Amino acid sequence: MDLITELETLGVNTKEALARFMNNSALYVRMLGKFPAAVKDADVLTHFQEKDYAAAVSTAHTLKGVTGNLSLTPLFTAYTDIVALLRADEPDKAEAVLKDILPVQEKIIACIEKNS
C-alpha cells in the first residue's frame with residue numbers, strides 16, 4: 001500500500017491536502033516527511049506533565065496549524081479541541097484528548113516514516 005492510500009485508512013484527508021498542494025503529490029510527500037521531526041520537537045505531553053499549560057497551548061496551537069496544512073484530520077481535530085479546552089481552563093479534559101490521540105499520531109508517524 002502506498003503512503004497516500006495508507007494515510008487515507010488512518011483518516012487523513014489526502015484529497016484535500018493534494019488540492020492544497022496543487023496536486024503535487026511529490027511536494028506533499030516531502031512535507032509529510034518533515035512531520036515526524038516536528039512532532040518530536042513539540043512534545044505537548046511533557047508540558048502537561050510539568051503543568052506548563054501556557055507552553056502546552058502554544059505547542060498544541062503550532063501542531064494544529066501543521067496538521068491542518070497537511071490535512072492530518074484526526075490530529076487537526078484533536079489539537080483544535082486541545083487548544084480550545086486549554087483556553088477554557090480545562091487542562092484535564094485537554095490532556096485526556098491528547099492521550100486519546102497519541103496512538104493515532106504514532107500510527108501516522110510510523111506510516112510516514114515507513115513510506116518516506
# chains A, B, ... in the order shown; residues from 1 in each chain; ligands from 1
$ residues_around --residues "Val44 of chain A" --least-positions-apart "6" --cutoff "12 Å" --atoms "only C-alpha atoms" --output "PyMOL selection string"
chain A and resi 38+50-64+79+82-83+86+91+94-95+97-99+101-102
$ closest_residue --among "A:Ala96, A:Glu113, A:Arg30, A:Ile108" --to "Thr73 of chain A" --atoms "only C-alpha atoms"
A:Ile108
$ closest_residue --among "A:Asn23, A:Pro74, A:Lys93, A:Asn13" --to "Phe48 of chain A" --atoms "only C-alpha atoms"
A:Lys93
$ residues_around --residues "Phe35 of chain A" --least-positions-apart "6" --cutoff "12 Å" --atoms "only C-alpha atoms" --output "count of residues only"
24
$ residues_around --residues "Ser25 of chain A" --least-positions-apart "4" --cutoff "12 Å" --atoms "only C-alpha atoms" --output "NGL selection string"
:A and (2-4 or 14-21 or 29-32 or 70)
$ atom_distance --atom1 "atom CA of Lys107 of chain A" --atom2 "atom CA of Glu8 of chain A"
12.0 Å
